[in-house]
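Visitor: Input file: coords_12.cif. Contents: mmCIF, C-alpha atoms.
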```
data_protein
loop_
_atom_site.label_atom_id
_atom_site.label_comp_id
_atom_site.auth_asym_id
_atom_site.auth_seq_id
_atom_site.Cartn_x
_atom_site.Cartn_y
_atom_site.Cartn_z
CA MET A 1 2.96 -66.17 -30.74
CA PRO A 2 -0.54 -65.50 -32.18
CA GLY A 3 -0.83 -65.07 -35.93
CA THR A 4 -3.18 -63.89 -38.66
CA LEU A 5 -5.15 -66.42 -40.68
CA ARG A 6 -4.72 -66.18 -44.46
CA ARG A 7 -7.37 -68.14 -46.35
CA VAL A 8 -6.41 -68.78 -49.98
CA SER A 9 -9.03 -71.42 -50.82
CA PRO A 10 -11.87 -73.25 -49.04
CA ASN A 11 -9.46 -75.99 -47.96
CA VAL A 12 -6.14 -74.16 -47.61
CA HIS A 13 -5.27 -71.73 -44.82
CA PHE A 14 -1.98 -70.28 -43.66
CA ILE A 15 -1.09 -68.77 -40.29
CA MET A 16 0.88 -65.56 -40.78
CA LYS A 17 3.16 -64.65 -37.86
CA SER A 18 4.98 -61.38 -37.30
CA GLU A 19 8.70 -61.32 -36.62
CA SER A 20 10.00 -59.89 -33.36
CA GLN A 21 11.96 -56.65 -33.35
CA ALA A 22 15.07 -58.57 -32.31
CA GLU A 23 14.69 -60.87 -35.35
CA VAL A 24 14.22 -57.86 -37.63
CA ASP A 25 17.29 -56.14 -36.19
CA ASP A 26 19.43 -59.27 -36.60
CA GLU A 27 18.26 -59.67 -40.19
CA LEU A 28 19.07 -56.07 -41.09
CA ALA A 29 22.52 -56.40 -39.53
CA ASN A 30 23.19 -59.54 -41.57
CA LEU A 31 21.96 -57.88 -44.76
CA ASP A 32 24.32 -54.97 -44.18
CA LEU A 33 27.15 -57.41 -43.53
CA VAL A 34 26.52 -59.25 -46.80
CA GLU A 35 26.31 -55.98 -48.71
CA SER A 36 29.53 -54.68 -47.16
CA ILE A 37 31.47 -57.65 -48.57
CA VAL A 38 30.58 -56.83 -52.19
CA GLN A 39 30.43 -53.03 -52.04
CA PRO A 40 30.39 -51.12 -54.33
CA HIS A 41 29.53 -53.89 -56.81
CA GLY A 42 26.17 -55.08 -55.48
CA ARG A 43 24.07 -53.76 -58.36
CA ALA A 44 26.53 -55.00 -60.98
CA LEU A 45 26.38 -58.50 -59.44
CA VAL A 46 22.58 -58.47 -59.39
CA ASP A 47 22.56 -57.48 -63.07
CA LEU A 48 25.07 -60.25 -63.80
CA TYR A 49 22.87 -62.79 -62.01
CA PHE A 50 19.81 -61.87 -64.06
CA ARG A 51 21.84 -61.78 -67.30
CA ILE A 52 23.30 -65.24 -66.98
CA ILE A 53 21.69 -67.43 -64.31
CA HIS A 54 18.08 -66.34 -64.06
CA PRO A 55 16.91 -67.08 -67.65
CA SER A 56 17.30 -70.87 -67.28
CA PHE A 57 16.54 -71.05 -63.54
CA PRO A 58 13.74 -68.49 -63.11
CA ILE A 59 12.89 -68.88 -59.43
CA PHE A 60 12.53 -65.12 -58.87
CA ASP A 61 10.20 -62.57 -60.36
CA LYS A 62 12.83 -60.37 -61.98
CA LYS A 63 10.73 -57.21 -62.04
CA VAL A 64 9.78 -57.53 -58.37
CA PHE A 65 13.38 -58.32 -57.36
CA LEU A 66 14.85 -55.35 -59.21
CA GLU A 67 12.18 -52.98 -57.88
CA LYS A 68 13.03 -54.02 -54.33
CA TYR A 69 16.77 -53.83 -54.91
CA GLY A 70 16.36 -50.41 -56.49
CA ARG A 71 15.00 -49.20 -53.16
CA THR A 72 17.41 -50.99 -50.84
CA HIS A 73 19.27 -54.27 -50.34
CA ARG A 74 17.44 -54.50 -47.01
CA GLU A 75 14.18 -55.73 -48.61
CA PHE A 76 15.51 -59.29 -48.95
CA THR A 77 16.56 -62.00 -46.55
CA PRO A 78 20.30 -62.40 -45.90
CA PRO A 79 20.63 -65.86 -47.51
CA VAL A 80 18.82 -64.72 -50.68
CA LEU A 81 21.12 -61.74 -51.07
CA ALA A 82 24.22 -63.80 -50.27
CA ALA A 83 23.20 -66.59 -52.67
CA VAL A 84 22.61 -64.19 -55.57
CA TYR A 85 26.01 -62.58 -54.99
CA ILE A 86 27.81 -65.92 -54.59
CA LEU A 87 26.50 -67.29 -57.90
CA ALA A 88 27.08 -64.03 -59.74
CA LEU A 89 30.66 -63.80 -58.47
CA ASN A 90 31.45 -67.01 -60.34
CA TRP A 91 30.79 -65.06 -63.56
CA TRP A 92 32.76 -61.97 -62.54
CA SER A 93 34.87 -61.90 -65.70
CA TYR A 94 31.77 -61.80 -67.92
CA THR A 95 31.26 -58.11 -67.20
CA PRO A 96 33.82 -55.78 -68.82
CA GLU A 97 33.36 -53.19 -66.05
CA LEU A 98 34.29 -55.75 -63.38
CA VAL A 99 36.87 -58.04 -64.94
CA ASN A 100 39.88 -55.85 -64.15
CA LEU A 101 38.72 -54.84 -60.66
CA PRO A 102 39.56 -56.61 -57.38
CA LYS A 103 37.03 -59.36 -56.83
CA PRO A 104 35.07 -59.42 -53.52
CA ASP A 105 35.90 -62.23 -51.14
CA ILE A 106 33.49 -65.00 -52.09
CA GLN A 107 34.80 -67.17 -49.26
CA LYS A 108 33.40 -64.75 -46.69
CA LEU A 109 29.96 -65.07 -48.22
CA GLU A 110 30.31 -68.86 -48.42
CA GLN A 111 31.12 -68.98 -44.71
CA LEU A 112 28.18 -66.76 -43.73
CA ALA A 113 25.52 -68.39 -45.90
CA PRO A 114 24.92 -71.66 -43.94
CA ALA A 115 24.33 -69.89 -40.62
CA MET A 116 22.05 -67.35 -42.27
CA MET A 117 20.16 -70.16 -43.95
CA SER A 118 19.63 -72.01 -40.67
CA VAL A 119 17.92 -68.93 -39.21
CA VAL A 120 15.34 -68.54 -41.99
CA LEU A 121 14.53 -72.26 -42.04
CA ASN A 122 12.72 -71.65 -38.77
CA ARG A 123 10.67 -68.81 -40.31
CA PRO A 124 9.66 -70.28 -43.68
CA LYS A 125 8.82 -68.02 -46.60
CA LEU A 126 9.02 -68.47 -50.36
CA SER A 127 12.36 -66.66 -50.13
CA THR A 128 13.63 -69.47 -47.89
CA VAL A 129 13.18 -71.98 -50.71
CA GLN A 130 14.66 -69.55 -53.23
CA ALA A 131 17.78 -69.04 -51.14
CA GLY A 132 18.24 -72.75 -50.50
CA LEU A 133 17.88 -73.69 -54.15
CA LEU A 134 20.46 -71.12 -55.17
CA LEU A 135 22.92 -72.23 -52.50
CA LEU A 136 22.54 -75.80 -53.77
CA GLN A 137 23.67 -74.64 -57.24
CA ARG A 138 27.08 -73.50 -55.99
CA PRO A 139 30.19 -75.41 -57.03
CA ASP A 140 30.52 -78.05 -54.30
CA GLY A 141 27.29 -76.72 -52.78
CA ASP A 142 25.11 -79.80 -53.21
CA SER A 143 23.67 -81.03 -49.90
CA TRP A 144 21.10 -83.76 -49.43
CA ALA A 145 20.37 -82.53 -45.90
CA LEU A 146 19.53 -79.02 -47.15
CA THR A 147 17.38 -80.50 -49.92
CA GLY A 148 15.39 -82.36 -47.28
CA GLN A 149 14.96 -79.20 -45.21
CA LEU A 150 13.74 -77.29 -48.28
CA VAL A 151 11.16 -79.98 -49.08
CA ALA A 152 9.83 -79.69 -45.53
CA VAL A 153 9.69 -75.88 -45.76
CA ALA A 154 7.98 -76.11 -49.17
CA GLN A 155 5.29 -78.37 -47.73
CA ASN A 156 4.68 -75.87 -44.92
CA LEU A 157 4.22 -73.24 -47.62
CA GLY A 158 1.91 -75.42 -49.73
CA LEU A 159 4.27 -75.49 -52.71
CA HIS A 160 3.30 -79.11 -53.37
CA LEU A 161 -0.33 -78.11 -53.97
CA ASP A 162 -2.23 -76.85 -57.01
CA CYS A 163 -2.52 -73.10 -56.42
CA SER A 164 -4.28 -72.28 -59.71
CA LYS A 165 -7.58 -71.37 -57.99
CA TRP A 166 -6.17 -69.78 -54.85
CA LYS A 167 -7.05 -66.20 -54.00
CA ILE A 168 -3.53 -64.89 -54.52
CA PRO A 169 -2.00 -62.54 -57.13
CA GLU A 170 -1.28 -64.00 -60.56
CA TRP A 171 2.44 -63.34 -60.19
CA GLU A 172 2.51 -65.37 -56.96
CA ARG A 173 0.74 -68.31 -58.61
CA SER A 174 3.32 -68.36 -61.38
CA LEU A 175 6.22 -67.93 -58.97
CA ARG A 176 4.95 -70.77 -56.78
CA LYS A 177 4.80 -73.09 -59.80
CA ARG A 178 8.29 -72.26 -61.01
CA LEU A 179 9.68 -72.56 -57.50
CA ALA A 180 7.90 -75.87 -56.89
CA TRP A 181 9.24 -77.40 -60.09
CA GLY A 182 12.72 -76.08 -59.31
CA LEU A 183 12.59 -77.95 -56.01
CA PHE A 184 11.14 -81.03 -57.72
CA MET A 185 14.17 -81.14 -60.02
CA GLN A 186 16.57 -80.61 -57.13
CA ASP A 187 14.99 -83.48 -55.21
CA LYS A 188 15.06 -85.98 -58.07
CA TRP A 189 18.56 -85.28 -59.34
CA GLY A 190 19.83 -85.07 -55.75
CA SER A 191 18.27 -88.46 -55.08
CA LEU A 192 20.14 -89.91 -58.05
CA THR A 193 23.42 -88.22 -57.13
CA HIS A 194 23.38 -89.13 -53.44
CA GLY A 195 21.75 -92.54 -53.72
CA ARG A 196 18.98 -91.54 -51.32
CA PRO A 197 15.19 -92.05 -51.49
CA SER A 198 13.38 -89.23 -53.25
CA LEU A 199 11.48 -86.95 -50.88
CA ILE A 200 8.73 -85.78 -53.26
CA HIS A 201 6.10 -88.33 -54.30
CA ALA A 202 3.37 -88.22 -56.95
CA GLU A 203 0.69 -89.11 -54.39
CA ASP A 204 1.34 -85.81 -52.59
CA TRP A 205 2.09 -83.59 -55.58
CA SER A 206 -0.61 -81.66 -57.43
CA VAL A 207 1.42 -78.81 -58.97
CA ARG A 208 0.22 -78.03 -62.48
CA PRO A 209 2.71 -77.91 -65.38
CA VAL A 210 4.33 -74.56 -66.09
CA GLU A 211 2.99 -72.64 -69.07
CA ALA A 212 4.30 -69.73 -71.13
CA ARG A 213 2.24 -67.31 -69.03
CA ASP A 214 4.12 -68.45 -65.91
CA PHE A 215 7.28 -66.75 -67.19
CA PRO A 216 7.01 -62.96 -66.83
CA GLU A 217 9.91 -62.08 -69.13
CA THR A 218 9.84 -62.40 -72.91
CA ALA A 219 12.42 -62.19 -75.70
CA GLU A 220 11.93 -58.42 -75.63
CA ASP A 221 13.61 -58.41 -72.22
CA ASP A 222 16.82 -60.03 -73.52
CA ASP A 223 20.08 -58.44 -72.43
CA GLU A 224 22.11 -57.65 -75.53
CA GLU A 225 25.45 -57.56 -73.71
CA GLU A 226 27.84 -60.19 -75.02
CA GLY A 227 27.99 -63.31 -72.87
CA SER A 228 24.34 -63.19 -71.76
CA SER A 229 21.75 -65.97 -71.70
CA ASP A 230 18.68 -65.38 -73.82
CA ILE A 231 15.31 -65.53 -72.10
CA GLU A 232 13.34 -67.65 -74.56
CA THR A 233 15.98 -70.38 -74.68
CA GLY A 234 16.25 -70.25 -70.90
CA ARG A 235 12.50 -70.76 -70.57
CA LEU A 236 12.62 -73.76 -72.90
CA THR A 237 15.60 -75.16 -70.98
CA PHE A 238 13.63 -74.97 -67.72
CA ILE A 239 10.50 -76.56 -69.22
CA HIS A 240 12.31 -79.44 -70.94
CA MET A 241 14.46 -80.06 -67.87
CA ILE A 242 11.25 -80.56 -65.91
CA SER A 243 9.99 -83.13 -68.41
CA LEU A 244 13.37 -84.91 -68.37
CA THR A 245 13.19 -84.97 -64.57
CA GLU A 246 9.77 -86.61 -64.77
CA ILE A 247 11.39 -89.40 -66.80
CA LEU A 248 14.15 -89.60 -64.20
CA THR A 249 11.40 -90.04 -61.60
CA ASN A 250 10.21 -93.14 -63.50
CA ILE A 251 13.77 -94.46 -63.53
CA LEU A 252 14.17 -93.92 -59.79
CA ASN A 253 10.82 -95.56 -59.01
CA THR A 254 11.47 -98.49 -61.34
CA PHE A 255 15.05 -99.35 -60.42
CA PHE A 256 16.29 -97.51 -57.34
CA THR A 257 13.70 -97.73 -54.58
CA VAL A 258 14.48 -100.15 -51.77
CA ARG A 259 11.61 -102.40 -52.89
CA ALA A 260 12.58 -102.30 -56.58
CA MET A 261 16.19 -103.28 -55.84
CA ALA A 262 15.05 -106.05 -53.49
CA ASN A 263 12.72 -107.46 -56.15
CA LEU A 264 15.51 -107.55 -58.72
CA SER A 265 17.89 -109.09 -56.19
CA ASN A 266 15.36 -111.80 -55.27
CA ASP A 267 14.91 -112.67 -58.94
CA SER A 268 18.62 -112.92 -59.72
CA GLU A 269 18.16 -115.61 -62.39
CA ASN A 270 15.93 -113.37 -64.49
CA ALA A 271 17.33 -110.03 -63.33
CA MET A 272 18.81 -109.09 -66.71
CA LYS A 273 15.67 -109.97 -68.65
CA THR A 274 13.46 -108.18 -66.14
CA THR A 275 15.69 -105.11 -66.18
CA LEU A 276 15.56 -104.88 -69.97
CA GLU A 277 11.78 -105.26 -69.98
CA LEU A 278 11.42 -102.53 -67.40
CA ALA A 279 13.86 -100.27 -69.22
CA LYS A 280 12.17 -100.52 -72.62
CA PRO A 281 9.29 -98.07 -72.00
CA ILE A 282 11.68 -95.63 -70.33
CA GLN A 283 14.00 -95.80 -73.35
CA LEU A 284 11.02 -94.91 -75.54
CA GLN A 285 10.17 -91.99 -73.26
CA LEU A 286 13.72 -90.69 -73.51
CA LYS A 287 13.71 -91.06 -77.29
CA ASP A 288 10.42 -89.20 -77.51
CA TRP A 289 11.71 -86.46 -75.18
CA HIS A 290 14.84 -86.01 -77.27
CA GLY A 291 12.84 -85.95 -80.49
CA LYS A 292 10.67 -83.12 -79.20
CA LEU A 293 13.55 -80.86 -78.15
CA PRO A 294 13.43 -77.52 -79.95
CA LYS A 295 16.29 -76.71 -82.29
CA SER A 296 17.55 -74.01 -79.93
CA LEU A 297 18.40 -76.69 -77.32
CA ALA A 298 20.36 -78.92 -79.68
CA ILE A 299 23.96 -79.66 -78.71
CA GLY A 300 26.18 -77.33 -80.69
CA GLU A 301 23.44 -74.80 -81.35
CA THR A 302 24.77 -71.30 -80.70
CA ARG A 303 23.66 -67.72 -81.05
CA ALA A 304 26.03 -64.84 -81.63
CA ARG A 305 27.02 -63.07 -78.39
CA LYS A 306 24.94 -65.51 -76.29
CA LEU A 307 25.99 -68.29 -73.91
CA SER A 308 25.25 -71.84 -75.00
CA PRO A 309 22.20 -73.22 -73.13
CA THR A 310 23.57 -76.77 -73.21
CA GLY A 311 27.33 -76.58 -73.49
CA MET A 312 28.28 -74.60 -70.40
CA LEU A 313 26.14 -74.79 -67.30
CA ARG A 314 28.93 -73.35 -65.16
CA PRO A 315 31.77 -70.90 -65.74
CA PRO A 316 35.04 -72.12 -67.29
CA HIS A 317 38.20 -73.10 -65.40
CA ASP A 318 39.79 -69.66 -65.52
CA LEU A 319 37.28 -68.29 -62.98
CA GLY A 320 39.06 -69.95 -60.11
CA HIS A 321 37.10 -73.18 -59.48
CA SER A 322 38.94 -76.23 -60.69
CA ASN A 323 35.84 -78.43 -60.65
CA HIS A 324 33.81 -76.44 -63.16
CA GLU A 325 32.68 -78.29 -66.23
#
```
I need this file expressed as structure tokens, please.
Guide:
Amino acid sequence: MPGTLRRVSPNVHFIMKSESQAEVDDELANLDLVESIVQPHGRALVDLYFRIIHPSFPIFDKKVFLEKYGRTHREFTPPVLAAVYILALNWWSYTPELVNLPKPDIQKLEQLAPAMMSVVLNRPKLSTVQAGLLLLQRPDGDSWALTGQLVAVAQNLGLHLDCSKWKIPEWERSLRKRLAWGLFMQDKWGSLTHGRPSLIHAEDWSVRPVEARDFPETAEDDDEEEGSSDIETGRLTFIHMISLTEILTNILNTFFTVRAMANLSNDSENAMKTTLELAKPIQLQLKDWHGKLPKSLAIGETRARKLSPTGMLRPPHDLGHSNHE
């Protein structure tokens, strides 16, 4: 199918392809199906998502998302809508208006999400990466195969490149950076968890560090409802998690690549000494990272009516998932 060329810099071009009417019709049907499962609580779940999850994992532009949702749920892709609802449903009891109402069937959404995700992987957009990252944050939702697919999609979309001088809107530049670093973190921690080679490498990564201007919301946008996450602390959590992940990258490259493990194995007599020598600079990096943490991210630091940014990354046991921490 012919497409339209989108030139964003002298060296970077994208081919934009239109979707067929059949694809559009299928997508709208799936969106309506997802919405029907949570009706009439869709808006309350979206608000819950942006109150609790978004501040420390800001892979959407909140203003843009809410403007679209205010018009219709049909302006998203099915896996994005399903993923937002799935994560928000895990915090159902944190909204007084919802806690005593029958909870929508999260299992139905969980069953639909993988098939819906497989469809959009073939038509990559930024929303494809957003949906995949959210689905990977579900309890028991971690998948190394999906992480690999998202890295491939991200490369098709140029998320691994420096977009600071591209001819695109400022909001898209910032979104691309936040989304790229979100995927970077998923790749590195997934590599550690699954014992697999990392898929993102420094030689092919030119994304610039996130800055304050890359986060559209400020403390003035905080939700004052009890049990919310505050935006400024969430931003700091995201930034310092990136820097911690960069240290993890050094650990993976130093100790857990196939070559690194073979070298240590071949030098078994001096393996302990070599390991300690290699670990020393990383220990110093970790100490320096910890020393630079802002007070708001200290263990035990709390704010009245706000969720702890470090003490509870997932809902407590009484929300129906026995593996929550």
Visitor: Which residue gives the smallest distance to A:Lys108 among A:Val38, A:Leu297, A:Leu159, A:Leu244, with only C-alpha atoms counted?
Guide: A:Val38
Visitor: Translate the PyMOL selection byres ((chain A and resi 254) around 12), as applied to the file shown, into an explicit residue set as an MDAnalysis selection string.
Guide: chainID A and resid 247:253 255:264 274:282
Visitor: Keeping only C-alpha atoms, write the selected residues as a PDB file, keeping the file's coordinate frame.
Guide:
```
ATOM      1  CA  ILE A 247      11.390 -89.400 -66.800  1.00  0.00           C
ATOM      2  CA  LEU A 248      14.150 -89.600 -64.200  1.00  0.00           C
ATOM      3  CA  THR A 249      11.400 -90.040 -61.600  1.00  0.00           C
ATOM      4  CA  ASN A 250      10.210 -93.140 -63.500  1.00  0.00           C
ATOM      5  CA  ILE A 251      13.770 -94.460 -63.530  1.00  0.00           C
ATOM      6  CA  LEU A 252      14.170 -93.920 -59.790  1.00  0.00           C
ATOM      7  CA  ASN A 253      10.820 -95.560 -59.010  1.00  0.00           C
ATOM      8  CA  PHE A 255      15.050 -99.350 -60.420  1.00  0.00           C
ATOM      9  CA  PHE A 256      16.290 -97.510 -57.340  1.00  0.00           C
ATOM     10  CA  THR A 257      13.700 -97.730 -54.580  1.00  0.00           C
ATOM     11  CA  VAL A 258      14.480-100.150 -51.770  1.00  0.00           C
ATOM     12  CA  ARG A 259      11.610-102.400 -52.890  1.00  0.00           C
ATOM     13  CA  ALA A 260      12.580-102.300 -56.580  1.00  0.00           C
ATOM     14  CA  MET A 261      16.190-103.280 -55.840  1.00  0.00           C
ATOM     15  CA  ALA A 262      15.050-106.050 -53.490  1.00  0.00           C
ATOM     16  CA  ASN A 263      12.720-107.460 -56.150  1.00  0.00           C
ATOM     17  CA  LEU A 264      15.510-107.550 -58.720  1.00  0.00           C
ATOM     18  CA  THR A 274      13.460-108.180 -66.140  1.00  0.00           C
ATOM     19  CA  THR A 275      15.690-105.110 -66.180  1.00  0.00           C
ATOM     20  CA  LEU A 276      15.560-104.880 -69.970  1.00  0.00           C
ATOM     21  CA  GLU A 277      11.780-105.260 -69.980  1.00  0.00           C
ATOM     22  CA  LEU A 278      11.420-102.530 -67.400  1.00  0.00           C
ATOM     23  CA  ALA A 279      13.860-100.270 -69.220  1.00  0.00           C
ATOM     24  CA  LYS A 280      12.170-100.520 -72.620  1.00  0.00           C
ATOM     25  CA  PRO A 281       9.290 -98.070 -72.000  1.00  0.00           C
ATOM     26  CA  ILE A 282      11.680 -95.630 -70.330  1.00  0.00           C
TER      27      ILE A 282
END
```
Visitor: Compile the contact shell of A:Thr4 as number ranges by chain: residues with an atom at most 12 Å away, counting all atoms listed in the file, same-chain residues fewer than 6 positions apart removed.
Guide: A: 13-18
Visitor: Please, what distance in Å, to one decimal, runs between atom CA of A:Ala44 and atom CA of A:Asp61?
Guide: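 Distance reported for this atom pair: 18.0 Å.
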Visitor: Starting from the PyMOL selection byres ((chain A and resi 114-127) around 7), expand the selection into actual residues of this file and give them as an MDAnalysis selection string.
Guide: chainID A and resid 78:80 111:113 128:131 153
Visitor: What gap, in Å, lies between atom CA of A:Thr237 and atom CA of A:Ser56?
Guide: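 Spanning atom CA of A:Thr237 to atom CA of A:Ser56 is a straight-line distance of 5.9 Å.
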Visitor: When the PyMOL selection byres ((chain A and resi 287-294) around 9) is applied to the structure above, which residues does it catch, written out as an mmCIF file with C-alpha atoms, in the frame of the given file?
Guide:
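After the write, part-v1.cif holds the following:
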```
data_model
loop_
_atom_site.group_PDB
_atom_site.id
_atom_site.type_symbol
_atom_site.label_atom_id
_atom_site.label_comp_id
_atom_site.auth_asym_id
_atom_site.auth_seq_id
_atom_site.Cartn_x
_atom_site.Cartn_y
_atom_site.Cartn_z
ATOM 1 C CA LEU A 236 12.620 -73.760 -72.900
ATOM 2 C CA HIS A 240 12.310 -79.440 -70.940
ATOM 3 C CA SER A 243 9.990 -83.130 -68.410
ATOM 4 C CA LEU A 244 13.370 -84.910 -68.370
ATOM 5 C CA ILE A 247 11.390 -89.400 -66.800
ATOM 6 C CA ILE A 282 11.680 -95.630 -70.330
ATOM 7 C CA GLN A 283 14.000 -95.800 -73.350
ATOM 8 C CA LEU A 284 11.020 -94.910 -75.540
ATOM 9 C CA GLN A 285 10.170 -91.990 -73.260
ATOM 10 C CA LEU A 286 13.720 -90.690 -73.510
ATOM 11 C CA LYS A 295 16.290 -76.710 -82.290
ATOM 12 C CA SER A 296 17.550 -74.010 -79.930
ATOM 13 C CA LEU A 297 18.400 -76.690 -77.320
ATOM 14 C CA ALA A 298 20.360 -78.920 -79.680
#
```
Visitor: Would you pick out the contacts of A:Ile168 at 10 Å or less, using all atoms listed in the file, so that residues sharing its chain but fewer than 6 positions from it are not included, and give the list as an mmCIF file with C-alpha atoms, in the frame of the given file?
Guide:
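Result written to around.cif:
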```
data_model
loop_
_atom_site.group_PDB
_atom_site.id
_atom_site.type_symbol
_atom_site.label_atom_id
_atom_site.label_comp_id
_atom_site.auth_asym_id
_atom_site.auth_seq_id
_atom_site.Cartn_x
_atom_site.Cartn_y
_atom_site.Cartn_z
ATOM 1 C CA ARG A 7 -7.370 -68.140 -46.350
ATOM 2 C CA VAL A 8 -6.410 -68.780 -49.980
ATOM 3 C CA SER A 9 -9.030 -71.420 -50.820
#
```
Visitor: Can you tell me which residues surround stretch 135-150 of chain A at a distance of at most 9 Å, considering all atoms listed in the file, apart from same-chain residues fewer than 6 positions away, and format the answer as a PDB file with C-alpha atoms, in the frame of the given file?
Guide:
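Here's the written file part_19.pdb:
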```pdb
ATOM      1  CA  PRO A  79      20.630 -65.860 -47.510  1.00  0.00           C
ATOM      2  CA  VAL A  80      18.820 -64.720 -50.680  1.00  0.00           C
ATOM      3  CA  ALA A  82      24.220 -63.800 -50.270  1.00  0.00           C
ATOM      4  CA  ALA A  83      23.200 -66.590 -52.670  1.00  0.00           C
ATOM      5  CA  VAL A  84      22.610 -64.190 -55.570  1.00  0.00           C
ATOM      6  CA  ILE A  86      27.810 -65.920 -54.590  1.00  0.00           C
ATOM      7  CA  LEU A  87      26.500 -67.290 -57.900  1.00  0.00           C
ATOM      8  CA  ASN A  90      31.450 -67.010 -60.340  1.00  0.00           C
ATOM      9  CA  ALA A 113      25.520 -68.390 -45.900  1.00  0.00           C
ATOM     10  CA  PRO A 114      24.920 -71.660 -43.940  1.00  0.00           C
ATOM     11  CA  LEU A 121      14.530 -72.260 -42.040  1.00  0.00           C
ATOM     12  CA  THR A 128      13.630 -69.470 -47.890  1.00  0.00           C
ATOM     13  CA  VAL A 129      13.180 -71.980 -50.710  1.00  0.00           C
ATOM     14  CA  LEU A 183      12.590 -77.950 -56.010  1.00  0.00           C
ATOM     15  CA  GLN A 186      16.570 -80.610 -57.130  1.00  0.00           C
ATOM     16  CA  ASP A 187      14.990 -83.480 -55.210  1.00  0.00           C
ATOM     17  CA  GLY A 190      19.830 -85.070 -55.750  1.00  0.00           C
ATOM     18  CA  SER A 191      18.270 -88.460 -55.080  1.00  0.00           C
ATOM     19  CA  HIS A 194      23.380 -89.130 -53.440  1.00  0.00           C
ATOM     20  CA  ARG A 196      18.980 -91.540 -51.320  1.00  0.00           C
ATOM     21  CA  LEU A 199      11.480 -86.950 -50.880  1.00  0.00           C
ATOM     22  CA  ARG A 314      28.930 -73.350 -65.160  1.00  0.00           C
ATOM     23  CA  HIS A 321      37.100 -73.180 -59.480  1.00  0.00           C
ATOM     24  CA  ASN A 323      35.840 -78.430 -60.650  1.00  0.00           C
ATOM     25  CA  HIS A 324      33.810 -76.440 -63.160  1.00  0.00           C
TER      26      HIS A 324
END
```
Visitor: So, with only C-alpha atoms as the atoms that count, which of A:Trp205, A:Phe60, A:Phe76, A:Tyr85 lies closest to A:Arg43?
Guide: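 Among A:Trp205, A:Phe60, A:Phe76, A:Tyr85, it is A:Tyr85 that comes nearest to A:Arg43.
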Visitor: Compare A:Ala29, A:Ala154, A:Leu81, A:Ile242 by their minimum atom-to-atom distance to A:Leu109, counting only C-alpha atoms, and give me the closest one.
Guide: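 Looking at the shortest contact to A:Leu109, the residue is A:Leu81.
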Visitor: Restricting the calculation to all atoms listed in the file, which member of A:Val34, A:Leu179, A:Leu133, A:Ala152 is positioned closest to A:Gln107?
Guide: A:Val34
Visitor: Determine the nearest neighbour of A:Val12 from the options A:Trp166, A:Phe215, A:Tyr94, A:Phe50, counting only C-alpha atoms.
Guide: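 Checking each of A:Trp166, A:Phe215, A:Tyr94, A:Phe50 against A:Val12, counting only C-alpha atoms, the winner is A:Trp166.
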Visitor: For A:Lys177, which residue out of A:Ser206, A:Ser198, A:Asn156, A:Thr77 is the nearest one, using all atoms listed in the file?
Guide: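 Between A:Ser206, A:Ser198, A:Asn156, A:Thr77, the residue approaching A:Lys177 most closely is A:Ser206.
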Visitor: Can you patch up stretch 47-54 of chain A, filling it in to N, CA, C and O atoms, and show the result as a short mmCIF file (atom, residue, chain, number, x, y, z; two decimals), in the coordinates of the input?
Guide:
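Written file, out_2.cif:
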```
data_model
loop_
_atom_site.label_atom_id
_atom_site.label_comp_id
_atom_site.auth_asym_id
_atom_site.auth_seq_id
_atom_site.Cartn_x
_atom_site.Cartn_y
_atom_site.Cartn_z
N ASP A 47 22.77 -57.51 -61.62
CA ASP A 47 22.56 -57.48 -63.07
C ASP A 47 23.20 -58.70 -63.72
O ASP A 47 22.63 -59.29 -64.66
N LEU A 48 24.37 -59.08 -63.26
CA LEU A 48 25.07 -60.25 -63.80
C LEU A 48 24.26 -61.52 -63.54
O LEU A 48 24.14 -62.39 -64.41
N TYR A 49 23.71 -61.63 -62.34
CA TYR A 49 22.87 -62.79 -62.01
C TYR A 49 21.69 -62.91 -62.97
O TYR A 49 21.41 -63.99 -63.49
N PHE A 50 21.00 -61.80 -63.21
CA PHE A 50 19.81 -61.87 -64.06
C PHE A 50 20.17 -61.98 -65.54
O PHE A 50 19.36 -62.45 -66.34
N ARG A 51 21.38 -61.60 -65.91
CA ARG A 51 21.84 -61.78 -67.30
C ARG A 51 22.12 -63.23 -67.61
O ARG A 51 21.80 -63.71 -68.71
N ILE A 52 22.72 -63.94 -66.67
CA ILE A 52 23.30 -65.24 -66.98
C ILE A 52 22.58 -66.41 -66.32
O ILE A 52 22.32 -67.43 -66.95
N ILE A 53 22.22 -66.29 -65.06
CA ILE A 53 21.69 -67.43 -64.31
C ILE A 53 20.17 -67.50 -64.36
O ILE A 53 19.58 -68.56 -64.58
N HIS A 54 19.53 -66.37 -64.18
CA HIS A 54 18.08 -66.34 -64.06
C HIS A 54 17.31 -66.90 -65.27
O HIS A 54 16.31 -67.60 -65.08
#
```
